[in-house]
file run21.cif (mmCIF, C-alpha atoms)
data_target
#
loop_
_atom_site.group_PDB
_atom_site.id
_atom_site.type_symbol
_atom_site.label_atom_id
_atom_site.label_comp_id
_atom_site.auth_asym_id
_atom_site.auth_seq_id
_atom_site.Cartn_x
_atom_site.Cartn_y
_atom_site.Cartn_z
ATOM 1 C CA MET A 175 225.699 93.189 66.558
ATOM 2 C CA THR A 176 222.742 95.266 67.676
ATOM 3 C CA THR A 177 223.514 98.672 69.117
ATOM 4 C CA VAL A 178 221.246 100.099 71.799
ATOM 5 C CA THR A 179 221.259 103.794 72.583
ATOM 6 C CA THR A 180 221.454 104.687 76.254
ATOM 7 C CA GLY A 181 222.590 107.997 77.753
ATOM 8 C CA THR A 182 225.566 108.455 80.015
ATOM 9 C CA THR A 183 223.388 108.199 83.131
ATOM 10 C CA GLY A 184 222.091 104.825 82.020
ATOM 11 C CA ILE A 185 225.587 103.579 81.203
ATOM 12 C CA ALA A 186 226.865 104.738 84.592
ATOM 13 C CA ALA A 187 223.982 102.971 86.383
ATOM 14 C CA LEU A 188 224.639 99.731 84.498
ATOM 15 C CA GLN A 189 228.364 100.004 85.290
ATOM 16 C CA SER A 190 227.551 100.426 88.997
ATOM 17 C CA ALA A 191 225.308 97.360 88.880
ATOM 18 C CA LEU A 192 228.077 95.419 87.156
ATOM 19 C CA ALA A 193 230.595 96.517 89.801
ATOM 20 C CA ALA A 194 228.200 95.272 92.503
ATOM 21 C CA GLU A 195 227.833 91.941 90.704
ATOM 22 C CA HIS A 196 231.637 91.614 90.478
ATOM 23 C CA ALA A 197 231.841 92.223 94.222
ATOM 24 C CA ALA A 198 229.080 89.668 94.864
ATOM 25 C CA VAL A 199 230.868 87.003 92.798
ATOM 26 C CA TYR A 200 234.030 87.602 94.833
ATOM 27 C CA GLY A 201 232.190 87.743 98.146
ATOM 28 C CA TYR A 202 230.230 84.542 97.586
ATOM 29 C CA GLY A 203 233.537 82.828 96.875
ATOM 30 C CA VAL A 204 234.685 83.868 100.344
ATOM 31 C CA ALA A 205 231.386 82.979 102.034
ATOM 32 C CA GLY A 206 231.058 79.636 100.265
ATOM 33 C CA ALA A 207 234.513 78.568 101.414
ATOM 34 C CA VAL A 208 233.436 78.967 105.035
ATOM 35 C CA LEU A 209 229.954 77.423 104.760
ATOM 36 C CA SER A 210 229.017 73.762 104.650
ATOM 37 C CA GLY A 211 226.056 71.550 103.842
ATOM 38 C CA GLN A 212 222.877 73.199 102.566
ATOM 39 C CA ALA A 213 224.210 76.709 103.181
ATOM 40 C CA ARG A 214 227.233 75.981 101.035
ATOM 41 C CA ALA A 215 224.998 74.641 98.253
ATOM 42 C CA ARG A 216 222.869 77.773 98.477
ATOM 43 C CA ALA A 217 225.966 79.981 98.340
ATOM 44 C CA ARG A 218 227.139 78.104 95.270
ATOM 45 C CA ALA A 219 223.767 78.576 93.558
ATOM 46 C CA ASP A 220 223.772 82.302 94.368
ATOM 47 C CA TRP A 221 227.392 82.604 93.208
ATOM 48 C CA THR A 222 226.388 81.078 89.870
ATOM 49 C CA ALA A 223 223.375 83.407 89.619
ATOM 50 C CA HIS A 224 225.593 86.456 90.174
ATOM 51 C CA GLN A 225 227.993 85.258 87.500
ATOM 52 C CA ALA A 226 225.046 85.031 85.098
ATOM 53 C CA ALA A 227 223.879 88.529 86.090
ATOM 54 C CA ARG A 228 227.417 89.834 85.569
ATOM 55 C CA ASP A 229 227.492 88.328 82.068
ATOM 56 C CA THR A 230 224.097 89.857 81.260
ATOM 57 C CA LEU A 231 225.248 93.318 82.343
ATOM 58 C CA GLU A 232 228.476 93.004 80.368
ATOM 59 C CA SER A 233 226.449 92.166 77.267
ATOM 60 C CA MET A 234 224.078 95.064 77.862
ATOM 61 C CA LEU A 235 226.986 97.484 78.193
ATOM 62 C CA THR A 236 228.733 96.140 75.107
ATOM 63 C CA GLU A 237 225.500 96.470 73.110
ATOM 64 C CA ARG A 238 225.449 100.114 74.168
ATOM 65 C CA GLY A 239 228.989 100.742 72.980
ATOM 66 C CA ALA A 240 230.511 100.911 76.471
ATOM 67 C CA THR A 241 233.437 98.971 77.878
ATOM 68 C CA PRO A 242 232.245 96.984 80.915
ATOM 69 C CA VAL A 243 234.107 97.727 84.139
ATOM 70 C CA ALA A 244 236.488 94.971 85.170
ATOM 71 C CA ALA A 245 236.443 93.193 88.503
ATOM 72 C CA SER A 246 238.983 94.203 91.096
ATOM 73 C CA PRO A 247 241.590 91.565 91.887
ATOM 74 C CA ALA A 248 240.431 91.643 95.530
ATOM 75 C CA TYR A 249 237.821 93.397 97.643
ATOM 76 C CA ARG A 250 237.893 94.679 101.193
ATOM 77 C CA LEU A 251 235.376 92.674 103.209
ATOM 78 C CA PRO A 252 233.134 94.671 105.565
ATOM 79 C CA PHE A 253 234.102 92.362 108.458
ATOM 80 C CA ALA A 254 236.155 89.253 109.107
ATOM 81 C CA VAL A 255 234.486 86.104 107.783
ATOM 82 C CA THR A 256 235.689 83.429 110.140
ATOM 83 C CA GLY A 257 232.573 81.320 110.660
ATOM 84 C CA ALA A 258 229.206 80.368 109.217
ATOM 85 C CA ALA A 259 227.295 83.198 110.909
ATOM 86 C CA ALA A 260 229.644 85.829 109.494
ATOM 87 C CA ALA A 261 229.513 84.184 106.068
ATOM 88 C CA LYS A 262 225.713 84.430 106.061
ATOM 89 C CA ARG A 263 225.889 88.046 107.155
ATOM 90 C CA LEU A 264 228.336 88.707 104.325
ATOM 91 C CA ALA A 265 225.989 87.080 101.802
ATOM 92 C CA ALA A 266 223.099 89.236 103.034
ATOM 93 C CA ALA A 267 225.305 92.351 102.850
ATOM 94 C CA LEU A 268 226.348 91.493 99.306
ATOM 95 C CA GLU A 269 222.695 91.203 98.294
ATOM 96 C CA ASP A 270 221.927 94.540 99.939
ATOM 97 C CA GLY A 271 224.727 96.099 97.894
ATOM 98 C CA VAL A 272 223.433 94.561 94.680
ATOM 99 C CA THR A 273 219.881 95.699 95.450
ATOM 100 C CA GLY A 274 221.095 99.255 95.994
ATOM 101 C CA ALA A 275 223.032 99.217 92.737
ATOM 102 C CA TYR A 276 219.993 98.108 90.740
ATOM 103 C CA LEU A 277 217.980 100.877 92.416
ATOM 104 C CA GLY A 278 220.228 103.232 90.451
ATOM 105 C CA VAL A 279 219.181 101.511 87.228
ATOM 106 C CA VAL A 280 215.527 102.161 88.135
ATOM 107 C CA ALA A 281 216.281 105.911 88.166
ATOM 108 C CA VAL A 282 217.240 105.874 84.480
ATOM 109 C CA ASN A 283 214.615 107.384 82.192
ATOM 110 C CA ASP A 284 214.109 104.210 80.159
ATOM 111 C CA ALA A 285 211.110 101.936 80.751
ATOM 112 C CA ALA A 286 212.903 98.713 79.835
ATOM 113 C CA LEU A 287 215.882 99.479 82.081
ATOM 114 C CA ARG A 288 213.561 100.430 84.938
ATOM 115 C CA ALA A 289 211.729 97.117 84.679
ATOM 116 C CA PHE A 290 215.043 95.275 84.438
ATOM 117 C CA GLY A 291 216.419 97.024 87.512
ATOM 118 C CA ALA A 292 213.259 96.531 89.562
ATOM 119 C CA THR A 293 213.111 92.818 88.720
ATOM 120 C CA ALA A 294 216.762 92.403 89.687
ATOM 121 C CA MET A 295 216.035 94.192 92.980
ATOM 122 C CA GLN A 296 213.314 91.650 93.768
ATOM 123 C CA THR A 297 215.648 88.744 93.066
ATOM 124 C CA ALA A 298 218.405 90.192 95.250
ATOM 125 C CA ALA A 299 216.010 91.142 98.066
ATOM 126 C CA ASN A 300 214.726 87.572 98.166
ATOM 127 C CA ARG A 301 218.255 86.209 98.318
ATOM 128 C CA ALA A 302 218.996 88.621 101.172
ATOM 129 C CA LEU A 303 215.897 87.272 102.932
ATOM 130 C CA THR A 304 217.144 83.691 102.681
ATOM 131 C CA TRP A 305 220.452 84.693 104.287
ATOM 132 C CA SER A 306 219.257 87.104 106.946
ATOM 133 C CA GLY A 307 215.869 85.553 107.674
ATOM 134 C CA ALA A 308 214.240 88.976 107.856
ATOM 135 C CA THR A 309 212.476 91.352 105.492
ATOM 136 C CA VAL A 310 213.110 95.097 105.265
ATOM 137 C CA ALA A 311 210.630 97.813 104.316
ATOM 138 C CA PHE A 312 212.729 99.506 101.651
ATOM 139 C CA PRO A 313 215.260 97.187 100.004
ATOM 140 C CA GLY A 314 218.049 99.051 98.249
ATOM 141 C CA MET A 315 217.211 102.425 99.743
ATOM 142 C CA PRO A 316 219.888 104.142 101.828
ATOM 143 C CA ALA A 317 219.186 103.685 105.541
ATOM 144 C CA MET B 2 195.217 157.158 95.272
ATOM 145 C CA LEU B 3 194.936 153.779 96.943
ATOM 146 C CA ALA B 4 196.303 150.751 95.181
ATOM 147 C CA ALA B 5 194.727 147.377 95.852
ATOM 148 C CA SER B 6 197.145 145.277 97.842
ATOM 149 C CA PRO B 7 197.149 141.460 97.673
ATOM 150 C CA THR B 8 195.372 141.418 101.039
ATOM 151 C CA THR B 9 192.666 143.942 100.263
ATOM 152 C CA LEU B 10 191.766 142.591 96.822
ATOM 153 C CA PRO B 11 190.042 139.382 97.967
ATOM 154 C CA LEU B 12 188.074 141.366 100.546
ATOM 155 C CA PHE B 13 186.935 143.809 97.856
ATOM 156 C CA LEU B 14 185.856 140.946 95.626
ATOM 157 C CA THR B 15 183.865 139.386 98.425
ATOM 158 C CA LEU B 16 182.116 142.589 99.347
ATOM 159 C CA SER B 17 181.299 143.478 95.775
ATOM 160 C CA GLY B 18 179.953 140.026 94.954
ATOM 161 C CA CYS B 19 182.401 139.508 92.106
ATOM 162 C CA LYS B 20 183.895 136.119 91.459
ATOM 163 C CA GLY B 21 187.577 135.972 92.247
ATOM 164 C CA PRO B 22 190.213 135.219 89.709
ATOM 165 C CA ALA B 23 190.417 131.558 88.736
ATOM 166 C CA VAL B 24 193.704 131.182 90.537
ATOM 167 C CA LEU B 25 191.927 131.754 93.840
ATOM 168 C CA SER B 26 188.838 129.651 93.301
ATOM 169 C CA ALA B 27 189.881 126.686 91.174
ATOM 170 C CA PRO B 28 190.032 123.323 92.913
ATOM 171 C CA PRO B 29 193.509 121.812 93.164
ATOM 172 C CA VAL B 30 194.560 120.125 89.954
ATOM 173 C CA VAL B 31 195.619 116.551 90.505
ATOM 174 C CA SER B 32 198.232 115.525 87.965
ATOM 175 C CA ALA B 33 198.278 112.114 86.333
ATOM 176 C CA GLN B 34 201.362 111.257 88.398
ATOM 177 C CA THR B 35 199.561 112.189 91.587
ATOM 178 C CA GLN B 36 196.557 110.087 90.581
ATOM 179 C CA VAL B 37 198.855 107.097 90.157
ATOM 180 C CA LEU B 38 200.380 107.865 93.535
ATOM 181 C CA LEU B 39 196.935 108.128 95.126
ATOM 182 C CA ARG B 40 196.034 104.720 93.724
ATOM 183 C CA ALA B 41 199.255 103.345 95.219
ATOM 184 C CA VAL B 42 198.251 104.856 98.562
ATOM 185 C CA THR B 43 194.804 103.256 98.352
ATOM 186 C CA ALA B 44 196.341 99.899 97.422
ATOM 187 C CA GLU B 45 198.596 100.053 100.497
ATOM 188 C CA GLN B 46 195.602 100.911 102.673
ATOM 189 C CA ASN B 47 193.748 97.921 101.266
ATOM 190 C CA LEU B 48 196.684 95.630 102.002
ATOM 191 C CA ILE B 49 196.965 96.921 105.563
ATOM 192 C CA LEU B 50 193.235 96.410 106.029
ATOM 193 C CA THR B 51 193.483 92.837 104.772
ATOM 194 C CA TYR B 52 196.363 92.138 107.163
ATOM 195 C CA ALA B 53 194.382 93.637 110.040
ATOM 196 C CA LYS B 54 191.385 91.444 109.276
ATOM 197 C CA VAL B 55 193.458 88.270 109.050
ATOM 198 C CA MET B 56 195.379 89.089 112.246
ATOM 199 C CA SER B 57 192.143 89.820 114.059
ATOM 200 C CA ALA B 58 190.401 86.643 112.886
ATOM 201 C CA TYR B 59 193.370 84.294 113.424
ATOM 202 C CA SER B 60 195.220 85.320 116.564
ATOM 203 C CA ARG B 61 197.990 82.759 115.986
ATOM 204 C CA LEU B 62 198.980 84.708 112.877
ATOM 205 C CA ALA B 63 199.045 88.106 114.597
ATOM 206 C CA GLY B 64 202.653 87.803 115.787
ATOM 207 C CA PRO B 65 204.223 86.459 112.599
ATOM 208 C CA LEU B 66 202.323 88.884 110.368
ATOM 209 C CA ALA B 67 202.968 92.001 112.458
ATOM 210 C CA PRO B 68 206.374 92.810 110.880
ATOM 211 C CA LEU B 69 204.939 92.517 107.384
ATOM 212 C CA ARG B 70 202.034 94.805 108.201
ATOM 213 C CA ALA B 71 204.452 97.283 109.815
ATOM 214 C CA GLU B 72 206.439 97.403 106.586
ATOM 215 C CA HIS B 73 203.271 98.238 104.666
ATOM 216 C CA GLU B 74 202.569 101.026 107.119
ATOM 217 C CA ALA B 75 206.055 102.385 106.404
ATOM 218 C CA HIS B 76 205.294 102.163 102.666
ATOM 219 C CA LEU B 77 202.048 104.042 103.177
ATOM 220 C CA ALA B 78 203.804 106.836 105.053
ATOM 221 C CA GLN B 79 206.409 107.245 102.300
ATOM 222 C CA LEU B 80 203.830 107.193 99.516
ATOM 223 C CA ARG B 81 201.712 109.770 101.330
ATOM 224 C CA ALA B 82 204.791 111.950 101.781
ATOM 225 C CA GLY B 83 205.073 112.011 97.992
ATOM 226 C CA VAL B 84 201.632 113.507 97.561
ATOM 227 C CA VAL B 85 201.753 117.278 97.761
ATOM 228 C CA GLY B 86 198.710 119.534 97.779
ATOM 229 C CA VAL B 87 196.018 116.870 97.984
ATOM 230 C CA GLU B 88 193.868 116.630 101.067
ATOM 231 C CA TRP B 89 193.105 113.167 102.383
ATOM 232 C CA GLY B 90 189.359 113.266 101.957
ATOM 233 C CA LYS B 91 186.423 110.993 101.822
ATOM 234 C CA GLN B 92 187.218 109.778 98.336
ATOM 235 C CA ALA B 93 190.395 108.001 99.395
ATOM 236 C CA GLN B 94 188.685 106.419 102.380
ATOM 237 C CA GLU B 95 185.711 105.085 100.434
ATOM 238 C CA THR B 96 187.794 102.955 98.119
ATOM 239 C CA VAL B 97 189.591 101.309 101.014
ATOM 240 C CA THR B 98 186.830 99.369 102.686
ATOM 241 C CA ALA B 99 185.212 97.980 99.552
ATOM 242 C CA ARG B 100 187.436 94.889 99.302
ATOM 243 C CA ALA B 101 188.992 92.252 101.492
ATOM 244 C CA LEU B 102 186.292 89.738 102.301
ATOM 245 C CA LEU B 103 188.100 87.357 104.587
ATOM 246 C CA ALA B 104 188.909 83.790 103.591
ATOM 247 C CA GLY B 105 187.323 81.049 105.720
ATOM 248 C CA THR B 106 190.397 79.213 106.979
ATOM 249 C CA GLU B 107 193.841 80.191 108.221
ATOM 250 C CA SER B 108 195.543 78.657 105.200
ATOM 251 C CA ALA B 109 193.143 80.333 102.814
ATOM 252 C CA ALA B 110 193.695 83.655 104.559
ATOM 253 C CA LEU B 111 197.460 83.293 104.126
ATOM 254 C CA ALA B 112 196.931 82.425 100.473
ATOM 255 C CA GLN B 113 194.726 85.496 100.109
ATOM 256 C CA LEU B 114 197.455 87.705 101.584
ATOM 257 C CA ARG B 115 200.057 86.109 99.347
ATOM 258 C CA ALA B 116 197.929 86.739 96.253
ATOM 259 C CA ALA B 117 197.377 90.346 97.357
ATOM 260 C CA GLU B 118 201.137 90.853 97.789
ATOM 261 C CA GLN B 119 201.838 89.378 94.352
ATOM 262 C CA ALA B 120 199.212 91.628 92.787
ATOM 263 C CA ALA B 121 200.800 94.586 94.570
ATOM 264 C CA VAL B 122 204.201 93.757 93.055
ATOM 265 C CA THR B 123 202.643 93.657 89.588
ATOM 266 C CA ALA B 124 200.907 96.995 90.178
ATOM 267 C CA GLN B 125 204.149 98.658 91.347
ATOM 268 C CA MET B 126 205.918 97.412 88.220
ATOM 269 C CA GLU B 127 203.200 98.981 86.064
ATOM 270 C CA ARG B 128 203.743 102.333 87.810
ATOM 271 C CA LEU B 129 207.477 102.469 87.009
ATOM 272 C CA ALA B 130 207.625 103.688 83.425
ATOM 273 C CA ALA B 131 205.763 106.989 83.737
ATOM 274 C CA ALA B 132 206.973 107.995 87.199
ATOM 275 C CA PRO B 133 209.640 110.611 87.956
ATOM 276 C CA ALA B 134 212.888 108.916 88.971
ATOM 277 C CA PRO B 135 212.588 109.224 92.782
ATOM 278 C CA LEU B 136 209.043 107.852 92.737
ATOM 279 C CA ALA B 137 210.039 105.044 90.374
ATOM 280 C CA GLN B 138 212.725 104.084 92.882
ATOM 281 C CA LEU B 139 210.192 104.137 95.709
ATOM 282 C CA TYR B 140 207.781 101.912 93.745
ATOM 283 C CA ALA B 141 210.627 99.534 92.879
ATOM 284 C CA SER B 142 211.830 99.319 96.470
ATOM 285 C CA ILE B 143 208.306 98.675 97.748
ATOM 286 C CA ALA B 144 207.856 96.022 95.051
ATOM 287 C CA ALA B 145 211.067 94.336 96.190
ATOM 288 C CA CYS B 146 209.794 94.315 99.774
ATOM 289 C CA GLU B 147 206.413 92.946 98.707
ATOM 290 C CA SER B 148 208.124 90.217 96.696
ATOM 291 C CA THR B 149 209.881 89.111 99.886
ATOM 292 C CA HIS B 150 206.473 89.074 101.604
ATOM 293 C CA VAL B 151 205.247 86.719 98.879
ATOM 294 C CA SER B 152 208.150 84.410 99.783
ATOM 295 C CA VAL B 153 207.554 84.648 103.542
ATOM 296 C CA LEU B 154 203.843 83.910 103.177
ATOM 297 C CA GLY B 155 204.544 81.112 100.687
ATOM 298 C CA ALA B 156 206.981 79.495 103.130
ATOM 299 C CA ARG B 157 204.393 79.689 105.920
ATOM 300 C CA ILE B 158 201.737 78.131 103.687
ATOM 301 C CA GLY B 159 204.212 75.395 102.722
ATOM 302 C CA ALA B 160 205.138 74.742 106.369
ATOM 303 C CA ARG B 161 201.465 74.416 107.306
ATOM 304 C CA ALA B 162 200.823 72.006 104.429
ATOM 305 C CA GLY B 163 203.855 69.943 105.452
ATOM 306 C CA ALA B 164 202.677 69.737 109.056
ATOM 307 C CA GLN B 165 199.253 68.381 108.064
#
call {"tool": "encode", "arguments": {"input": "run21.cif", "output": "structure tokens"}}
result
Amino acid sequence: MTTVTTGTTGIAALQSALAAEHAAVYGYGVAGAVLSGQARARARADWTAHQAARDTLESMLTERGATPVAASPAYRLPFAVTGAAAAKRLAAALEDGVTGAYLGVVAVNDAALRAFGATAMQTAANRALTWSGATVAFPGMPA
Amino acid sequence: MLAASPTTLPLFLTLSGCKGPAVLSAPPVVSAQTQVLLRAVTAEQNLILTYAKVMSAYSRLAGPLAPLRAEHEAHLAQLRAGVVGVEWGKQAQETVTARALLAGTESAALAQLRAAEQAAVTAQMERLAAAPAPLAQLYASIAACESTHVSVLGARIGARAGAQ
């Protein structure tokens, strides 16, 4: 197995991104259960994409000699998800959280990790756009 | 005996015709990082100019494009805030107006904007590696926003093509 050297800051940033991906996988499970039709299909596709991103981050951490953080058994939702509108808002909020987590990866002093984090931010920001229908000036940045 | 104070020394130098120490007369040094930042500023100005031209030429697009242009104006303000000690002079202005010949149809204008946004994303990505962390994060966040603009403009182009 190849070992990649990354400092503690880089490991911590990757762990935060992984934690956000775990939360997104859980949250899309909740949102998808409430949605129907095309929205449900989109939620399923995004759920699958977050699972793939989670697996990628776990591999990256393992390659760097770190133990990937585990998912929590349950997560506190930011609001009650009782209908389609709330489910879409949840999906957008999950993507905002993921975008913010990858912003932390961009701060690491490693060109490859910066490019990785920035690309992941673009993917998440575009998913947020599909759910919210609106763009924001500074995706991932604290408001 | 009188000692030269920091305030009297420049006056003495002026009166005596001597050149001042280099620290007083040297032009501001623009670091490589600042040069990259200045190019990012100019690129944002070019994008805003292109939006303004399209919105002026095709009034139907003015409303839908206004939020996107506003986001670029927010980017410009943040990028400018990162530049310290450089005056906004003629040099920055000259590079702005050189581009952005307007496409001849509404669809072509949208395609031109979309291509400009995509090029902007690529340029931000190229700025990441050498930037200090806070600036790298700003470039990455702007790139993420611009990538959503590519999607918005692409959807509008697709909707127009579908309606024809």
call {"tool": "atom_distance", "arguments": {"input": "run21.cif", "atom1": "CA of Thr273 in chain A", "atom2": "CA of Gly314 in chain A"}}
result
4.7 Å
call {"tool": "residues_around", "arguments": {"input": "run21.cif", "residues": "Val199 in chain A", "least_positions_apart": "2", "cutoff": "10 Å", "atoms": "only C-alpha atoms", "output": "PyMOL selection string"}}
result
chain A and resi 193-197+201-204+218+220-228+245+268
call {"tool": "atom_distance", "arguments": {"input": "run21.cif", "atom1": "CA of Ala109 in chain B", "atom2": "CA of Ala53 in chain B"}}
result
15.2 Å
call {"tool": "closest_atom_pairs", "arguments": {"input": "run21.cif", "of": "chain B", "to": "chain A", "cutoff": "12 Å", "atoms": "all atoms listed in the file", "output": "tab-separated table"}}
result
residue	atom	partner	partner_atom	distance
B:Pro65	CA	A:Ala308	CA	11.4
B:Leu66	CA	A:Thr309	CA	11.5
B:Ala67	CA	A:Thr309	CA	11.8
B:Pro68	CA	A:Thr309	CA	8.3
B:Leu69	CA	A:Thr309	CA	7.9
B:Arg70	CA	A:Ala311	CA	9.9
B:Ala71	CA	A:Ala311	CA	8.3
B:Glu72	CA	A:Ala311	CA	4.8
B:His73	CA	A:Ala311	CA	7.4
B:Glu74	CA	A:Ala311	CA	9.1
B:Ala75	CA	A:Ala311	CA	6.8
B:His76	CA	A:Ala311	CA	7.1
B:Leu77	CA	A:Ala311	CA	10.7
B:Ala78	CA	A:Ala311	CA	11.3
B:Gln79	CA	A:Phe312	CA	10.0
B:Leu80	CA	A:Phe312	CA	12.0
B:Gln119	CA	A:Gln296	CA	11.7
B:Val122	CA	A:Gln296	CA	9.4
B:Thr123	CA	A:Thr293	CA	10.5
B:Gln125	CA	A:Ala292	CA	9.5
B:Met126	CA	A:Ala289	CA	6.8
B:Glu127	CA	A:Ala289	CA	8.8
B:Arg128	CA	A:Ala289	CA	10.0
B:Leu129	CA	A:Arg288	CA	6.7
B:Ala130	CA	A:Ala285	CA	4.7
B:Ala131	CA	A:Ala285	CA	7.9
B:Ala132	CA	A:Asn283	CA	9.2
B:Pro133	CA	A:Ala281	CA	8.1
B:Ala134	CA	A:Ala281	CA	4.6
B:Pro135	CA	A:Ala281	CA	6.8
B:Leu136	CA	A:Ala281	CA	8.8
B:Ala137	CA	A:Val280	CA	6.6
B:Gln138	CA	A:Val280	CA	5.8
B:Leu139	CA	A:Phe312	CA	7.9
B:Tyr140	CA	A:Ala292	CA	8.7
B:Ala141	CA	A:Ala292	CA	5.2
B:Ser142	CA	A:Phe312	CA	5.3
B:Ile143	CA	A:Phe312	CA	6.0
B:Ala144	CA	A:Gln296	CA	7.1
B:Ala145	CA	A:Gln296	CA	4.3
B:Cys146	CA	A:Ala311	CA	5.8
B:Glu147	CA	A:Ala311	CA	8.5
B:Ser148	CA	A:Gln296	CA	6.1
B:Thr149	CA	A:Asn300	CA	5.4
B:His150	CA	A:Thr309	CA	7.5
B:Val151	CA	A:Asn300	CA	9.5
B:Ser152	CA	A:Asn300	CA	7.5
B:Val153	CA	A:Thr309	CA	8.5
B:Leu154	CA	A:Thr309	CA	11.6
B:Ala156	CA	A:Thr304	CA	11.0
call {"tool": "closest_residue", "arguments": {"input": "run21.cif", "among": "B:Leu111, B:Leu48, B:Val84, B:Ala116", "to": "Arg161 in chain B", "atoms": "only C-alpha atoms"}}
result
B:Leu111
call {"tool": "atom_distance", "arguments": {"input": "run21.cif", "atom1": "CA of Ala63 in chain B", "atom2": "CA of Pro316 in chain A"}}
result
29.2 Å
call {"tool": "closest_residue", "arguments": {"input": "run21.cif", "among": "B:Ala112, B:Ala120, B:Gly105, B:Tyr59", "to": "Glu45 in chain B", "atoms": "only C-alpha atoms"}}
result
B:Ala120
call {"tool": "closest_residue", "arguments": {"input": "run21.cif", "among": "B:Ala164, B:Leu39, B:Ile158, B:Ala117", "to": "Thr51 in chain B", "atoms": "all atoms listed in the file"}}
result
B:Ala117
call {"tool": "resolve_selection", "arguments": {"input": "run21.cif", "expression": "the PyMOL selection byres ((chain A and resi 182) around 12)", "output": "ChimeraX atom specification"}}
result
/A:179-181,183-189,235,238-240,279,282-283
call {"tool": "write_last_selection", "arguments": {"input": "run21.cif", "atoms": "C-alpha atoms", "output": "PDB file, in the coordinates of the input"}}
result
ATOM      1  CA  THR A 179     221.259 103.794  72.583  1.00  0.00           C
ATOM      2  CA  THR A 180     221.454 104.687  76.254  1.00  0.00           C
ATOM      3  CA  GLY A 181     222.590 107.997  77.753  1.00  0.00           C
ATOM      4  CA  THR A 183     223.388 108.199  83.131  1.00  0.00           C
ATOM      5  CA  GLY A 184     222.091 104.825  82.020  1.00  0.00           C
ATOM      6  CA  ILE A 185     225.587 103.579  81.203  1.00  0.00           C
ATOM      7  CA  ALA A 186     226.865 104.738  84.592  1.00  0.00           C
ATOM      8  CA  ALA A 187     223.982 102.971  86.383  1.00  0.00           C
ATOM      9  CA  LEU A 188     224.639  99.731  84.498  1.00  0.00           C
ATOM     10  CA  GLN A 189     228.364 100.004  85.290  1.00  0.00           C
ATOM     11  CA  LEU A 235     226.986  97.484  78.193  1.00  0.00           C
ATOM     12  CA  ARG A 238     225.449 100.114  74.168  1.00  0.00           C
ATOM     13  CA  GLY A 239     228.989 100.742  72.980  1.00  0.00           C
ATOM     14  CA  ALA A 240     230.511 100.911  76.471  1.00  0.00           C
ATOM     15  CA  VAL A 279     219.181 101.511  87.228  1.00  0.00           C
ATOM     16  CA  VAL A 282     217.240 105.874  84.480  1.00  0.00           C
ATOM     17  CA  ASN A 283     214.615 107.384  82.192  1.00  0.00           C
TER      18      ASN A 283
END
call {"tool": "axis_aligned_box", "arguments": {"input": "run21.cif", "around": "range 181-185 of chain A", "padding_each_side": "8 Å", "output": "lines of an AutoDock Vina configuration file"}}
result
center_x = 223.8
center_y = 106.0
center_z = 80.4
size_x = 19.5
size_y = 20.9
size_z = 21.4
call {"tool": "closest_residue", "arguments": {"input": "run21.cif", "among": "B:Ser108, B:Gly163, B:Ala124, B:Gln113", "to": "Thr43 in chain B", "atoms": "all atoms listed in the file"}}
result
B:Ala124
